[in-house]
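Structure first, commentary second.
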Amino acid sequence: MKKKVAILTALIAIVLLVILNFSIWSYVNNPLQLQPWTKTTMGVDFDPMRKNDTQTNDKYPSAADIESDLALLENKVHSVRTFSVSRGLNQVPQLAAKHNLNVALGALIGENLEQNRQEMDLLRATLQNNTQNIVRVLVGNEVLLRKDTSEQQLIDYIREVKQYEQRPVSTSETWFNWMSHPKLVAEVDYIAVHLAPYWSGVAVDDAVDLVFDQYMQLQKAYPAKPIVITEVGWPSDGQPFGHSIPSRANQATFLREMIRRAEKEQVNYYILEAFDQPWKISMEGSVGAYWGIFDSDRQAKYPLNGNVLTVPGWQYWAIWASVLSAVMMGIFVFARRSIKLPGLLFLGLVTNLGASTLLWSISVMAHRYQTKLSLIFVGLTLLMQVIAVLILLVESLEIVDVIWYRKTVRLFQPLSPPENFRYPKVSIHIPIHNEPPDMVRETLEAAARLDYPNFEVLVIDNNTKDPAIWEPVREDCARLGLNFRFFHLDNWPGFKAGAVNYALEQTSNDVEIIAVIDSDYKVSPDWLRSMVPYFDNEKVAFVQSPQDYRDSKENGFKACCYWEYAGFFNIGMVQRNEYNAIIQHGTMTLIRKTALIQMGGWAQWCITEDSELGLSLYEAGYDSVYANKSLGQGLMPDTFSAYRGQRFRWVYGAMQILKKHWRNFLPFRKSPLTAAQRYYFLAGWLPWFSDALALIFTLMSLSLTALLLYDPIHYEVPAGAFLLPTIGIFSFKILRSLWLYRARVPCTIGQTFGAFLAGLSLTHTIARGTLRGLFTNNLPFLRTPKNEKRGALFAGLMSIRQELVILLALIVAVAAMSFTEHFNNPVGQRWITILVVQMVPYLATFIVMLISIWPTKKK
């Protein structure tokens, strides 16, 4: 009955959250209530180029293409304005006449004098053959703006046309070019002006006022000249320019108000433009493609009358987002039927948020024109988003498991051996290399105090060159008795794994359990007595105790490290133990000897041989035990460099393991691992892949920022849909750390913050370890030194020089963007925020390095 109620509760939660998701999409896409469009627009700029046409190939629209476009505009506009008579556009007047459209006929004037002559001759022929619907003539378009010819040469062209043409003749130029060329004004019959408030960087609410302000300034400067606005518009997409933000909603807002004002003021105008022109991207950046009131597929972007939707067809995207979120939530929920209702609702909200973000991103890109290069970029950013959403879901599930899980099944505690317990013999292996003899002595003396009747200790010193370091350890072993044996190995291969494999060969024949501790660990007397009894279960191959440390109060750096370690052993390991999926560690671990031999010993090809052994034992069908009670304490790295080196080794080794065992993690392949084991190993590695992608994204961001500052027109900030997950994931990490630490780790808020800071400082190190581990195989074992002297400031700075270079580059990028007026808009500020967020891990690295070298007060 309880099972049925749980399933019903989950289904109801899924349905309610899907409804909520759809409602949010509906609210975000609430129709804009705008002024109605007039029945027929005065005129539009007309270019029949199609989506895949360019100015550099020989492909151009046919007469049928041109006429179909003009037919679409019939009864919507009074007139069309062309830019040229070449490439078949000399047919426009005759074809437009069929659809009751007037024409403002244009001739293209450029730098090439021969091409100009051909254009001028074709213009004359076109004018002579069409007299009915051509209402005005335009010789050149923004010729002075582009500096294609001199003012006098342009005047000569205009005079040439006026000699044989009675209709009004002019040239199209920007407002400021007309204001600064009165000589040109004197030669034309009317002023054909381009008024583009977008390129002035004003907000859309101020744009129409700017248009009419500039129009009136022209009137005041040249009161005797008629004025025709031959270009006026607003883009529906693309990069912002100052405070000018392109969007469908803003385009509709501007055009409806512009047309209303023009009708009221009796101003002649041509909207820029009829159809989107993707070929303009190469000239004007992405915004150049989106000035049309129809897209390049000849679909209206919004109704000419009535309300305007921010995302047309949002209902379909919302349905797909709801379906995706329901599927993802269903997979997670039905795999966790013991989650309480608040956990279901929390997981559902996160799932809906992730699915909607993905679909929103795809919807944004679906409405944009893409080049081959941009498609590659979109593919990479979507991949990053998918990984970001997966990380969000995995970390959300961890919160749910910890906070709202109904019961804990595999909660192990140290045991008391029953009466008549048969104490199997344990062989404790302590590999050492170049370790301080005084530190090792403490480890050996702690082992000698073990309250266990049947054990031996094997100390294996591999490749320590100085006898003054290893000989005192040999003497200590001799002093402690016959069950302490010492071995010194010269030029021994395999690093730590090679040493413990040698110890395995020297182990007494009657040994049943192998124990491994690091050279700095002082074990509790009851360690073996309380943990060995778990081996009575023949399926148990290894028993793990948490790593703990005795030097956390030595300084602030070690305090931060201590609580960062504690998070994994109090949260991650406890949760993984629930599903028999813990990470085996190379200290405080006990292994069944027969299972270890069955696995072929320790893997010498892997620099994290302990974790590899644990996974191999799971693949062989064995179980594990993790008892979250400290039964031994070691020493933490003394320097930040050693701390980073240790984490680099763990990450690099994990990538080695993944490359070796990847087939057993494939979703649709039969695997010796359980579904939960596959999930938890992949979930544990996923954040490391996220850090690697974050490094790549940071380097890409710096490169893009340089391009944005160099050429803000042709390079643009990525869509907000791709940027928000970066901020969201970072914010969620902070929330997760605070939440889980408060629930599972016995520390203060300050200690929690210190742990978070220490973990964050390792971001770049983890990224490097992930990338190098994926693409290289031969990294040697990295020993974590103990009792190391703390370095000076210069040494500390040199140890983090890569992080410092990136941090300084990000600071420069933020400063440059902040002081550039072009980016003083929401999109630019959003990009600056991204750069600041990317800066935080590198700043954390710098801060933790300073903490690590900060002088310690002498007691």
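Please note that chains go A, B, ... in the order of the structure tokens, that every chain numbers its residues from 1, and that ligands are numbered from 1 in the order shown.
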
### Query
Leaving out stretch 439-448 of chain A and any residue of its chain fewer than 3 positions from it, which residues lie within 8 Å of it when counting only C-alpha atoms, given as a ChimeraX atom specification?
/A:435-436,457,473,476-477,480,519-525

Would you save the residues from that selection as a PDB file, in the first residue's frame, using C-alpha atoms?
ATOM      1  CA  GLU A 435      59.387  10.274   4.659  1.00  0.00           C
ATOM      2  CA  PRO A 436      60.628  11.976   7.850  1.00  0.00           C
ATOM      3  CA  VAL A 457      53.266  -4.824   9.928  1.00  0.00           C
ATOM      4  CA  VAL A 473      62.825   3.402  10.229  1.00  0.00           C
ATOM      5  CA  ASP A 476      62.351   1.228  14.725  1.00  0.00           C
ATOM      6  CA  CYS A 477      60.862  -1.865  13.097  1.00  0.00           C
ATOM      7  CA  LEU A 480      59.074  -3.018  17.852  1.00  0.00           C
ATOM      8  CA  SER A 519      53.112   6.692   6.551  1.00  0.00           C
ATOM      9  CA  ASP A 520      51.639   9.596   8.530  1.00  0.00           C
ATOM     10  CA  TYR A 521      48.570   7.837   9.992  1.00  0.00           C
ATOM     11  CA  LYS A 522      48.221   7.173  13.719  1.00  0.00           C
ATOM     12  CA  VAL A 523      45.518   4.506  13.951  1.00  0.00           C
ATOM     13  CA  SER A 524      43.208   4.044  16.913  1.00  0.00           C
ATOM     14  CA  PRO A 525      43.812   0.902  18.998  1.00  0.00           C
TER      15      PRO A 525
END

Neighbouring residues of stretch 404-419 of chain A were defined as those with any atom within 10 Å, considering only C-alpha atoms; residues of the same chain fewer than 2 positions away were excluded. Please report them as a CSV table (one decimal) with all heavy atoms, in the first residue's frame.
chain,number,residue,atom,x,y,z
A,336,ARG,N,14.2,6.6,-7.1
A,336,ARG,CA,14.3,7.0,-5.7
A,336,ARG,C,12.9,7.0,-5.1
A,336,ARG,O,12.4,8.1,-4.8
A,336,ARG,CB,15.0,8.3,-5.6
A,336,ARG,CG,16.4,8.4,-6.0
A,336,ARG,CD,17.3,7.7,-5.0
A,336,ARG,NE,18.7,8.0,-5.3
A,336,ARG,CZ,19.4,7.5,-6.3
A,336,ARG,NH1,18.9,6.6,-7.0
A,336,ARG,NH2,20.7,7.8,-6.4
A,337,ARG,N,12.2,5.9,-5.0
A,337,ARG,CA,10.8,5.9,-4.5
A,337,ARG,C,10.7,6.3,-3.1
A,337,ARG,O,9.6,6.4,-2.6
A,337,ARG,CB,10.2,4.6,-4.8
A,337,ARG,CG,10.1,4.3,-6.3
A,337,ARG,CD,9.5,3.0,-6.6
A,337,ARG,NE,9.5,2.6,-8.0
A,337,ARG,CZ,9.0,1.5,-8.5
A,337,ARG,NH1,8.4,0.6,-7.8
A,337,ARG,NH2,9.1,1.3,-9.8
A,338,SER,N,11.8,6.3,-2.4
A,338,SER,CA,11.8,6.6,-0.9
A,338,SER,C,11.9,8.1,-0.6
A,338,SER,O,12.1,8.5,0.5
A,338,SER,CB,12.8,5.8,-0.2
A,338,SER,OG,12.6,4.4,-0.3
A,339,ILE,N,11.9,8.9,-1.6
A,339,ILE,CA,12.1,10.4,-1.4
A,339,ILE,C,10.8,11.0,-0.9
A,339,ILE,O,9.7,10.6,-1.4
A,339,ILE,CB,12.4,11.1,-2.8
A,339,ILE,CG1,13.8,10.6,-3.3
A,339,ILE,CG2,12.5,12.6,-2.6
A,339,ILE,CD1,14.2,11.1,-4.6
A,340,LYS,N,10.9,11.8,0.1
A,340,LYS,CA,9.7,12.5,0.7
A,340,LYS,C,9.2,13.5,-0.3
A,340,LYS,O,9.9,14.0,-1.2
A,340,LYS,CB,10.1,13.1,2.0
A,340,LYS,CG,10.5,12.0,3.1
A,340,LYS,CD,10.9,12.7,4.4
A,340,LYS,CE,11.5,11.7,5.4
A,340,LYS,NZ,12.0,12.3,6.6
A,341,LEU,N,7.9,13.9,0.0
A,341,LEU,CA,7.2,14.9,-0.9
A,341,LEU,C,8.0,16.2,-1.1
A,341,LEU,O,8.1,16.6,-2.3
A,341,LEU,CB,5.8,15.1,-0.4
A,341,LEU,CG,4.9,16.1,-1.3
A,341,LEU,CD1,4.8,15.5,-2.7
A,341,LEU,CD2,3.6,16.3,-0.7
A,342,PRO,N,8.5,16.8,-0.1
A,342,PRO,CA,9.3,18.1,-0.3
A,342,PRO,C,10.4,17.8,-1.3
A,342,PRO,O,10.8,18.7,-2.1
A,342,PRO,CB,9.7,18.5,1.1
A,342,PRO,CG,8.8,17.9,2.0
A,342,PRO,CD,8.4,16.6,1.4
A,343,GLY,N,11.1,16.7,-1.2
A,343,GLY,CA,12.2,16.3,-2.1
A,343,GLY,C,11.7,16.2,-3.5
A,343,GLY,O,12.4,16.6,-4.4
A,344,LEU,N,10.5,15.6,-3.7
A,344,LEU,CA,10.0,15.4,-5.0
A,344,LEU,C,9.7,16.8,-5.6
A,344,LEU,O,10.0,17.0,-6.8
A,344,LEU,CB,8.6,14.7,-4.9
A,344,LEU,CG,8.7,13.1,-4.7
A,344,LEU,CD1,7.3,12.6,-4.5
A,344,LEU,CD2,9.5,12.4,-5.8
A,346,PHE,N,11.1,19.7,-4.8
A,346,PHE,CA,12.4,20.4,-5.1
A,346,PHE,C,13.1,19.8,-6.4
A,346,PHE,O,13.5,20.6,-7.2
A,346,PHE,CB,13.3,20.2,-3.9
A,346,PHE,CG,14.7,20.8,-4.1
A,346,PHE,CD1,15.0,22.1,-4.1
A,346,PHE,CD2,15.8,19.9,-4.4
A,346,PHE,CE1,16.3,22.6,-4.3
A,346,PHE,CE2,17.1,20.4,-4.7
A,346,PHE,CZ,17.3,21.7,-4.6
A,397,LEU,N,19.9,15.9,-6.9
A,397,LEU,CA,19.5,14.6,-6.3
A,397,LEU,C,20.3,14.3,-5.1
A,397,LEU,O,19.8,13.6,-4.1
A,397,LEU,CB,19.8,13.5,-7.4
A,397,LEU,CG,19.3,12.1,-7.0
A,397,LEU,CD1,17.8,12.1,-6.8
A,397,LEU,CD2,19.7,11.1,-8.2
A,398,GLU,N,21.6,14.7,-5.0
A,398,GLU,CA,22.4,14.5,-3.8
A,398,GLU,C,21.7,15.3,-2.6
A,398,GLU,O,21.6,14.7,-1.5
A,398,GLU,CB,23.8,15.1,-4.0
A,398,GLU,CG,24.7,14.8,-2.8
A,398,GLU,CD,26.1,15.2,-3.1
A,398,GLU,OE1,26.3,16.1,-4.0
A,398,GLU,OE2,27.0,14.7,-2.4
A,399,ILE,N,21.3,16.5,-2.9
A,399,ILE,CA,20.6,17.3,-1.8
A,399,ILE,C,19.3,16.5,-1.4
A,399,ILE,O,19.1,16.3,-0.2
A,399,ILE,CB,20.2,18.7,-2.3
A,399,ILE,CG1,21.4,19.5,-2.5
A,399,ILE,CG2,19.2,19.3,-1.3
A,399,ILE,CD1,21.2,20.9,-3.1
A,400,VAL,N,18.5,16.0,-2.3
A,400,VAL,CA,17.3,15.3,-2.0
A,400,VAL,C,17.6,14.0,-1.2
A,400,VAL,O,17.0,13.7,-0.2
A,400,VAL,CB,16.5,15.0,-3.3
A,400,VAL,CG1,15.4,14.0,-3.0
A,400,VAL,CG2,16.0,16.2,-3.9
A,401,ASP,N,18.7,13.3,-1.7
A,401,ASP,CA,19.0,12.0,-1.0
A,401,ASP,C,19.4,12.3,0.5
A,401,ASP,O,19.1,11.5,1.4
A,401,ASP,CB,20.2,11.4,-1.7
A,401,ASP,CG,19.7,10.5,-2.8
A,401,ASP,OD1,18.5,10.2,-2.9
A,401,ASP,OD2,20.5,10.1,-3.7
A,402,VAL,N,20.1,13.4,0.7
A,402,VAL,CA,20.6,13.7,2.0
A,402,VAL,C,19.5,14.3,2.9
A,402,VAL,O,19.4,13.9,4.1
A,402,VAL,CB,21.8,14.7,1.9
A,402,VAL,CG1,22.2,15.2,3.3
A,402,VAL,CG2,23.0,14.0,1.3
A,421,PHE,N,35.1,-15.1,18.8
A,421,PHE,CA,35.4,-14.6,17.4
A,421,PHE,C,36.8,-15.1,17.0
A,421,PHE,O,37.7,-15.0,17.7
A,421,PHE,CB,35.3,-13.1,17.4
A,421,PHE,CG,35.7,-12.5,16.1
A,421,PHE,CD1,34.8,-12.6,15.0
A,421,PHE,CD2,36.9,-11.8,15.9
A,421,PHE,CE1,35.2,-12.1,13.7
A,421,PHE,CE2,37.2,-11.2,14.7
A,421,PHE,CZ,36.3,-11.3,13.6
A,422,ARG,N,36.8,-15.6,15.7
A,422,ARG,CA,38.1,-16.0,15.2
A,422,ARG,C,38.8,-14.8,14.5
A,422,ARG,O,38.3,-14.3,13.6
A,422,ARG,CB,37.9,-17.1,14.1
A,422,ARG,CG,39.2,-17.7,13.6
A,422,ARG,CD,38.9,-18.7,12.4
A,422,ARG,NE,38.3,-18.0,11.3
A,422,ARG,CZ,39.1,-17.4,10.3
A,422,ARG,NH1,40.4,-17.3,10.5
A,422,ARG,NH2,38.5,-16.8,9.3
A,423,TYR,N,39.9,-14.4,15.1
A,423,TYR,CA,40.5,-13.2,14.6
A,423,TYR,C,41.4,-13.5,13.4
A,423,TYR,O,42.5,-14.1,13.6
A,423,TYR,CB,41.4,-12.5,15.8
A,423,TYR,CG,40.5,-11.9,16.9
A,423,TYR,CD1,40.2,-12.7,18.0
A,423,TYR,CD2,40.1,-10.6,16.8
A,423,TYR,CE1,39.4,-12.1,19.0
A,423,TYR,CE2,39.3,-10.1,17.8
A,423,TYR,CZ,39.0,-10.8,18.9
A,423,TYR,OH,38.2,-10.3,19.9
A,526,ASP,N,41.5,0.4,18.5
A,526,ASP,CA,40.4,-0.5,18.1
A,526,ASP,C,40.1,-0.6,16.6
A,526,ASP,O,39.0,-1.1,16.3
A,526,ASP,CB,39.1,0.0,18.9
A,526,ASP,CG,38.7,1.4,18.5
A,526,ASP,OD1,39.5,2.2,18.0
A,526,ASP,OD2,37.5,1.8,18.7
A,527,TRP,N,40.9,0.0,15.8
A,527,TRP,CA,40.6,0.0,14.4
A,527,TRP,C,40.4,-1.4,13.8
A,527,TRP,O,39.3,-1.7,13.3
A,527,TRP,CB,41.8,0.6,13.6
A,527,TRP,CG,41.7,0.6,12.1
A,527,TRP,CD1,40.6,0.8,11.4
A,527,TRP,CD2,42.8,0.2,11.2
A,527,TRP,NE1,40.9,0.6,10.0
A,527,TRP,CE2,42.2,0.3,9.9
A,527,TRP,CE3,44.1,-0.1,11.4
A,527,TRP,CZ2,43.0,0.0,8.8
A,527,TRP,CZ3,44.9,-0.3,10.2
A,527,TRP,CH2,44.4,-0.2,8.9
A,528,LEU,N,41.3,-2.3,14.0
A,528,LEU,CA,41.1,-3.7,13.4
A,528,LEU,C,40.0,-4.4,14.2
A,528,LEU,O,39.2,-5.1,13.5
A,528,LEU,CB,42.5,-4.4,13.5
A,528,LEU,CG,43.6,-3.9,12.7
A,528,LEU,CD1,44.8,-4.8,12.8
A,528,LEU,CD2,43.2,-3.7,11.2
A,529,ARG,N,40.0,-4.3,15.5
A,529,ARG,CA,39.0,-5.1,16.3
A,529,ARG,C,37.6,-4.7,15.9
A,529,ARG,O,36.7,-5.6,15.8
A,529,ARG,CB,39.3,-4.8,17.8
A,529,ARG,CG,38.2,-5.4,18.7
A,529,ARG,CD,38.5,-5.2,20.1
A,529,ARG,NE,39.7,-5.9,20.6
A,529,ARG,CZ,39.7,-7.2,21.1
A,529,ARG,NH1,38.5,-7.8,21.2
A,529,ARG,NH2,40.8,-7.8,21.5
A,530,SER,N,37.4,-3.5,15.5
A,530,SER,CA,36.0,-3.0,15.2
A,530,SER,C,35.6,-3.1,13.8
A,530,SER,O,34.4,-3.1,13.4
A,530,SER,CB,35.8,-1.6,15.7
A,530,SER,OG,36.7,-0.7,15.0
A,531,MET,N,36.6,-3.3,12.9
A,531,MET,CA,36.3,-3.3,11.4
A,531,MET,C,36.4,-4.7,10.8
A,531,MET,O,35.7,-5.1,9.8
A,531,MET,CB,37.1,-2.3,10.7
A,531,MET,CG,36.9,-0.9,11.2
A,531,MET,SD,35.2,-0.3,11.2
A,531,MET,CE,34.9,-0.2,9.5
A,532,VAL,N,37.4,-5.5,11.3
A,532,VAL,CA,37.6,-6.8,10.7
A,532,VAL,C,36.4,-7.7,10.8
A,532,VAL,O,36.1,-8.5,9.8
A,532,VAL,CB,38.8,-7.5,11.4
A,532,VAL,CG1,38.9,-9.0,11.0
A,532,VAL,CG2,40.1,-6.8,10.9
A,533,PRO,N,35.5,-7.7,11.8
A,533,PRO,CA,34.4,-8.6,11.8
A,533,PRO,C,33.5,-8.4,10.6
A,533,PRO,O,32.7,-9.4,10.4
A,533,PRO,CB,33.7,-8.2,13.1
A,533,PRO,CG,34.8,-7.7,14.0
A,533,PRO,CD,35.7,-7.0,13.1
A,534,TYR,N,33.5,-7.3,9.9
A,534,TYR,CA,32.6,-7.2,8.7
A,534,TYR,C,33.0,-8.2,7.6
A,534,TYR,O,32.2,-8.5,6.7
A,534,TYR,CB,32.7,-5.8,8.1
A,534,TYR,CG,31.9,-4.8,8.9
A,534,TYR,CD1,32.4,-3.8,9.6
A,534,TYR,CD2,30.5,-4.9,8.8
A,534,TYR,CE1,31.6,-2.9,10.3
A,534,TYR,CE2,29.6,-4.0,9.4
A,534,TYR,CZ,30.2,-3.0,10.2
A,534,TYR,OH,29.4,-2.1,10.8
A,545,SER,N,37.5,3.1,6.2
A,545,SER,CA,37.2,4.1,7.2
A,545,SER,C,37.6,5.4,6.7
A,545,SER,O,38.4,5.5,5.7
A,545,SER,CB,38.1,3.8,8.5
A,545,SER,OG,37.7,2.6,9.0
A,574,VAL,N,29.1,8.7,2.5
A,574,VAL,CA,27.9,8.2,3.2
A,574,VAL,C,26.8,7.9,2.2
A,574,VAL,O,26.2,6.8,2.3
A,574,VAL,CB,27.4,9.2,4.3
A,574,VAL,CG1,26.1,8.7,4.9
A,574,VAL,CG2,28.5,9.3,5.4
A,575,GLN,N,26.6,8.8,1.3
A,575,GLN,CA,25.5,8.5,0.3
A,575,GLN,C,25.9,7.4,-0.6
A,575,GLN,O,25.0,6.6,-1.0
A,575,GLN,CB,25.2,9.8,-0.4
A,575,GLN,CG,23.8,10.0,-0.9
A,575,GLN,CD,22.8,9.8,0.2
A,575,GLN,OE1,22.9,10.4,1.3
A,575,GLN,NE2,21.8,9.0,-0.1
A,576,ARG,N,27.1,7.4,-1.1
A,576,ARG,CA,27.5,6.3,-2.0
A,576,ARG,C,27.5,4.9,-1.3
A,576,ARG,O,27.2,3.9,-1.9
A,576,ARG,CB,29.0,6.6,-2.5
A,576,ARG,CG,29.1,7.9,-3.3
A,576,ARG,CD,30.5,8.2,-3.6
A,576,ARG,NE,31.0,7.2,-4.6
A,576,ARG,CZ,31.4,7.6,-5.9
A,576,ARG,NH1,31.3,8.9,-6.2
A,576,ARG,NH2,31.8,6.7,-6.7
A,577,ASN,N,27.8,4.9,0.0
A,577,ASN,CA,27.7,3.7,0.7
A,577,ASN,C,26.4,3.1,0.7
A,577,ASN,O,26.2,1.8,0.7
A,577,ASN,CB,28.2,3.9,2.2
A,577,ASN,CG,28.2,2.6,3.0
A,577,ASN,OD1,28.9,1.7,2.7
A,577,ASN,ND2,27.3,2.6,4.0
A,578,GLU,N,25.3,3.9,0.7
A,578,GLU,CA,24.0,3.5,0.7
A,578,GLU,C,23.7,2.6,-0.5
A,578,GLU,O,22.8,1.7,-0.5
A,578,GLU,CB,23.0,4.7,0.7
A,578,GLU,CG,21.6,4.4,0.8
A,578,GLU,CD,21.2,3.9,2.2
A,578,GLU,OE1,22.0,4.0,3.2
A,578,GLU,OE2,20.1,3.3,2.4
A,579,TYR,N,24.5,2.8,-1.6
A,579,TYR,CA,24.2,2.1,-2.9
A,579,TYR,C,25.5,1.2,-3.2
A,579,TYR,O,25.6,0.8,-4.3
A,579,TYR,CB,23.9,3.0,-4.0
A,579,TYR,CG,22.7,3.8,-3.7
A,579,TYR,CD1,22.7,5.1,-3.2
A,579,TYR,CD2,21.4,3.3,-4.0
A,579,TYR,CE1,21.6,5.8,-2.9
A,579,TYR,CE2,20.3,4.0,-3.8
A,579,TYR,CZ,20.3,5.2,-3.2
A,579,TYR,OH,19.2,5.9,-2.9
A,580,ASN,N,26.3,0.9,-2.2
A,580,ASN,CA,27.5,0.0,-2.4
A,580,ASN,C,28.3,0.5,-3.5
A,580,ASN,O,28.7,-0.2,-4.4
A,580,ASN,CB,27.0,-1.4,-2.7
A,580,ASN,CG,28.1,-2.4,-2.5
A,580,ASN,OD1,29.0,-2.3,-1.7
A,580,ASN,ND2,28.1,-3.5,-3.4
A,625,VAL,N,32.1,-2.0,2.7
A,625,VAL,CA,31.6,-1.4,3.9
A,625,VAL,C,32.3,-0.1,4.2
A,625,VAL,O,33.5,0.0,4.0
A,625,VAL,CB,31.8,-2.4,5.1
A,625,VAL,CG1,31.5,-1.6,6.4
A,625,VAL,CG2,30.9,-3.6,5.0
A,626,TYR,N,31.5,0.9,4.5
A,626,TYR,CA,32.0,2.2,4.9
A,626,TYR,C,31.4,2.6,6.2
A,626,TYR,O,30.2,2.8,6.3
A,626,TYR,CB,31.8,3.3,3.9
A,626,TYR,CG,32.2,4.7,4.3
A,626,TYR,CD1,33.6,5.0,4.4
A,626,TYR,CD2,31.3,5.7,4.6
A,626,TYR,CE1,34.0,6.2,4.9
A,626,TYR,CE2,31.7,6.9,5.0
A,626,TYR,CZ,33.1,7.2,5.1
A,626,TYR,OH,33.5,8.4,5.5
A,627,ALA,N,32.2,2.7,7.3
A,627,ALA,CA,31.8,3.1,8.6
A,627,ALA,C,32.3,4.5,8.8
A,627,ALA,O,33.5,4.7,8.9
A,627,ALA,CB,32.2,2.1,9.6
A,628,ASN,N,31.4,5.5,8.9
A,628,ASN,CA,31.8,6.9,9.0
A,628,ASN,C,32.2,7.2,10.4
A,628,ASN,O,31.5,8.0,11.1
A,628,ASN,CB,30.7,7.8,8.5
A,628,ASN,CG,31.2,9.2,8.4
A,628,ASN,OD1,32.4,9.5,8.2
A,628,ASN,ND2,30.3,10.2,8.5
A,629,LYS,N,33.3,6.6,10.9
A,629,LYS,CA,33.8,7.0,12.2
A,629,LYS,C,35.3,7.0,12.1
A,629,LYS,O,35.9,6.1,11.6
A,629,LYS,CB,33.4,5.9,13.3
A,629,LYS,CG,33.9,6.2,14.7
A,629,LYS,CD,33.3,5.2,15.7
A,629,LYS,CE,33.9,5.3,17.0
A,629,LYS,NZ,34.5,6.4,17.6
A,630,SER,N,35.9,8.1,12.7
A,630,SER,CA,37.3,8.2,12.6
A,630,SER,C,38.1,7.2,13.5
A,630,SER,O,37.8,7.1,14.7
A,630,SER,CB,37.7,9.7,13.0
A,630,SER,OG,39.1,9.8,13.1
A,631,LEU,N,38.9,6.4,12.8
A,631,LEU,CA,39.7,5.4,13.5
A,631,LEU,C,41.2,5.6,13.3
A,631,LEU,O,42.0,4.7,13.5
A,631,LEU,CB,39.2,4.0,13.1
A,631,LEU,CG,37.8,3.6,13.5
A,631,LEU,CD1,37.4,2.3,12.8
A,631,LEU,CD2,37.7,3.5,15.0

### Task
Fewer than 6 positions away in the same chain doesn't count, so skip those; otherwise give me all residues within 12 Å of A:Phe487, counting only C-alpha atoms, as a VMD selection string.
chain A and resid 429 to 433 457 to 464 470 to 471 473 to 475 477 to 478 499 to 500 502 to 503 505 to 507

Now that the selection is made, can you save its residues with C-alpha atoms as an mmCIF file, in the first residue's frame?
data_model
loop_
_atom_site.group_PDB
_atom_site.id
_atom_site.type_symbol
_atom_site.label_atom_id
_atom_site.label_comp_id
_atom_site.auth_asym_id
_atom_site.auth_seq_id
_atom_site.Cartn_x
_atom_site.Cartn_y
_atom_site.Cartn_z
ATOM 1 C CA HIS A 429 51.252 -2.501 4.679
ATOM 2 C CA ILE A 430 52.894 0.902 5.108
ATOM 3 C CA PRO A 431 54.593 2.134 1.916
ATOM 4 C CA ILE A 432 57.044 5.002 2.455
ATOM 5 C CA HIS A 433 59.263 7.114 0.252
ATOM 6 C CA VAL A 457 53.266 -4.824 9.928
ATOM 7 C CA LEU A 458 55.267 -4.595 6.687
ATOM 8 C CA VAL A 459 57.060 -1.303 6.001
ATOM 9 C CA ILE A 460 58.205 -0.962 2.375
ATOM 10 C CA ASP A 461 60.584 1.868 1.615
ATOM 11 C CA ASN A 462 60.886 2.278 -2.139
ATOM 12 C CA ASN A 463 63.585 4.318 -3.816
ATOM 13 C CA THR A 464 64.642 6.531 -0.903
ATOM 14 C CA TRP A 470 65.310 5.075 5.826
ATOM 15 C CA GLU A 471 67.755 3.399 8.229
ATOM 16 C CA VAL A 473 62.825 3.402 10.229
ATOM 17 C CA ARG A 474 64.457 -0.007 9.858
ATOM 18 C CA GLU A 475 65.798 0.324 13.396
ATOM 19 C CA CYS A 477 60.862 -1.865 13.097
ATOM 20 C CA ALA A 478 63.527 -4.039 14.687
ATOM 21 C CA ALA A 499 55.668 -1.119 -3.287
ATOM 22 C CA VAL A 500 52.427 -2.589 -1.939
ATOM 23 C CA TYR A 502 55.940 -6.262 -3.285
ATOM 24 C CA ALA A 503 54.514 -6.250 0.234
ATOM 25 C CA GLU A 505 54.403 -11.042 -2.093
ATOM 26 C CA GLN A 506 56.141 -10.864 1.311
ATOM 27 C CA THR A 507 52.940 -11.249 3.288
#

### Message
For the structure I just gave you, how does DSSP split stretch 71-161 of chain A - specifically, which residues are alpha helix (DSSP H)? Reply as an MDAnalysis selection string.
### Response
chainID A and resid 71:73 92:97 113:129 143:146 151:161

### Task
Quick one: everything within 12 Å of A:Val805, counting only C-alpha atoms, minus sequence neighbours fewer than 4 positions away in the same chain. Send it as number ranges by chain.
A: 699, 702, 764, 797-801, 809-812, 839, 842-843, 845-846

### Contacts of A:Gln214 at 10 Å (only C-alpha atoms; same-chain gap of 2+ positions) as a list in words
Trp175, Phe176, Met179, Val193, Leu195, Pro197, Asp209, Leu210, Val211, Phe212, Met216, Gln217, Leu218, Gln219 and Lys220 of chain A

#### Entry: Selection near stretch 681-684 of chain A, 9 Å with only C-alpha atoms, sequence-local residues under 2 positions removed, as a PyMOL selection string
chain A and resi 390-391+394-395+572+576+581-583+615+658+665+676-679+686-688

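With distances restricted to only C-alpha atoms, A:Leu144 is the closest residue to A:His181 from A:Val232, A:Leu144, A:Val202, A:Ala196.
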
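For the pair atom CA of A:Lys733 and atom CA of A:Val717, the interatomic distance is 24.8 Å.
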